[in-house]
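Engineer: My questions will all concern the structure given below.
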Amino acid sequence: MSKQPSQGLATDITFGNVTLTERAVFAKHLATMLQSGLTLAESLEIAQDSARGKLKKTLHAVLSSVQAGNSFSESLAAHPKIFSRLF
């Protein structure tokens with residue numbers, strides 16, 4: 001009897017057309033950039049440049065909001081389908 005490897009989660013969970021994996025990678029990269037000394041605006045700009053699809057458009061809006069003087073949490077809260085209150 002041979003064991004077959006577990007498939008794990010075959011599909012990724014999607015919220016607002018942005019997958020859970022995309023949001024997790026964004027959060028990890030954002031944290032790394034901030035820890036390295038980049039400003040929030042610089043980090044968001046880099047993240048936006050490397051993102052694609054709906055996440056790219058959303059990060060553009062978040063960056064614009066932060067640059068306009070809104071807090072990061074307020075900027076994320078404007079996109080509840082993608083960024084939960086916990087995020």
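FYI, nothing fancy with the structure tokens labels: chains A, B, ... in order, residues from 1 per chain, ligands from 1 as they appear.
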Contacts of Glu45 of chain A at 12 Å or less, counting only C-alpha atoms, minus same-chain residues fewer than 3 places along, as a list in words?

Structural biologist: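 Within the cut-off, the hits are Phe26, His29, Leu30, Met33, Leu38, Thr39, Leu40, Ala41, Glu42, Gln48, Asp49, Ser50, Ala51, Lys56, Lys57, Thr58, Leu59, His60, Ala61, Val62, Leu63, Ser64, Val66 and Gln67 of chain A.
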
Engineer: Using only C-alpha atoms, determine which residues lie at most 10 Å from Lys54 of chain A, disregarding the query and same-chain residues fewer than 5 positions distant; provide the list as a tab-separated table (two decimals) with N, CA, C and O atoms, in the first residue's frame.

Structural biologist:
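Output saved as out-v6.tsv:
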chain	number	residue	atom	x	y	z
A	16	GLY	N	-12.86	39.54	-2.13
A	16	GLY	CA	-12.79	40.73	-2.97
A	16	GLY	C	-11.85	40.56	-4.14
A	16	GLY	O	-11.18	41.50	-4.54
A	17	ASN	N	-11.77	39.35	-4.69
A	17	ASN	CA	-10.89	39.03	-5.82
A	17	ASN	C	-9.41	39.11	-5.48
A	17	ASN	O	-8.57	39.22	-6.36
A	18	VAL	N	-9.08	39.07	-4.21
A	18	VAL	CA	-7.68	39.02	-3.77
A	18	VAL	C	-7.57	37.78	-2.89
A	18	VAL	O	-8.30	37.65	-1.91
A	19	THR	N	-6.66	36.89	-3.24
A	19	THR	CA	-6.54	35.64	-2.50
A	19	THR	C	-5.91	35.85	-1.13
A	19	THR	O	-5.21	36.84	-0.88
A	59	LEU	N	-4.03	48.75	-3.57
A	59	LEU	CA	-2.84	49.35	-2.95
A	59	LEU	C	-2.58	50.75	-3.47
A	59	LEU	O	-2.10	51.61	-2.73
A	60	HIS	N	-2.93	51.00	-4.72
A	60	HIS	CA	-2.81	52.36	-5.27
A	60	HIS	C	-3.72	53.31	-4.49
A	60	HIS	O	-3.31	54.40	-4.10
A	82	ILE	N	-11.43	43.42	1.11
A	82	ILE	CA	-10.08	42.91	0.95
A	82	ILE	C	-9.35	42.87	2.28
A	82	ILE	O	-8.68	41.89	2.60

Engineer: Please indicate the distance in Å from atom CA of Ser84 of chain A to atom CA of Gly37 of chain A, rounded to one decimal place.

Structural biologist: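 Between atom CA of Ser84 of chain A and atom CA of Gly37 of chain A the gap works out to 25.8 Å.
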
Engineer: Kindly indicate which residue among A:Arg23, A:Ser36, A:Phe87, A:Ile46 lies nearest to Glu74 of chain A, using only C-alpha atoms for the distances.

Structural biologist: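 Selected residue with least distance to Glu74 of chain A: A:Phe87.
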
Engineer: Would you mind writing down, as a list in words, each residue of chain A that DSSP on the backbone assigns to strand (DSSP E or B)?

Structural biologist: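 Of chain A, the ones in strand (DSSP E or B) are Thr14, Phe15, Val18 and Thr19 of chain A.
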
Engineer: Quick one: distance from atom CA of Ser43 of chain A to atom CA of Ala31 of chain A in Å, one decimal?

Structural biologist: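 Distance reported for this atom pair: 8.8 Å.
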
Engineer: Write down as a ChimeraX atom specification the residues belonging to chain A that are assigned alpha helix (DSSP H) by DSSP computed on the backbone.

Structural biologist: /A:20-35,40-50,53-67,72-77

Engineer: Figure out the distance between atom CA of Thr21 of chain A and atom CA of Phe72 of chain A, please, to one decimal in Å.

Structural biologist: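 Atom CA of Phe72 of chain A sits 20.8 Å away from atom CA of Thr21 of chain A.
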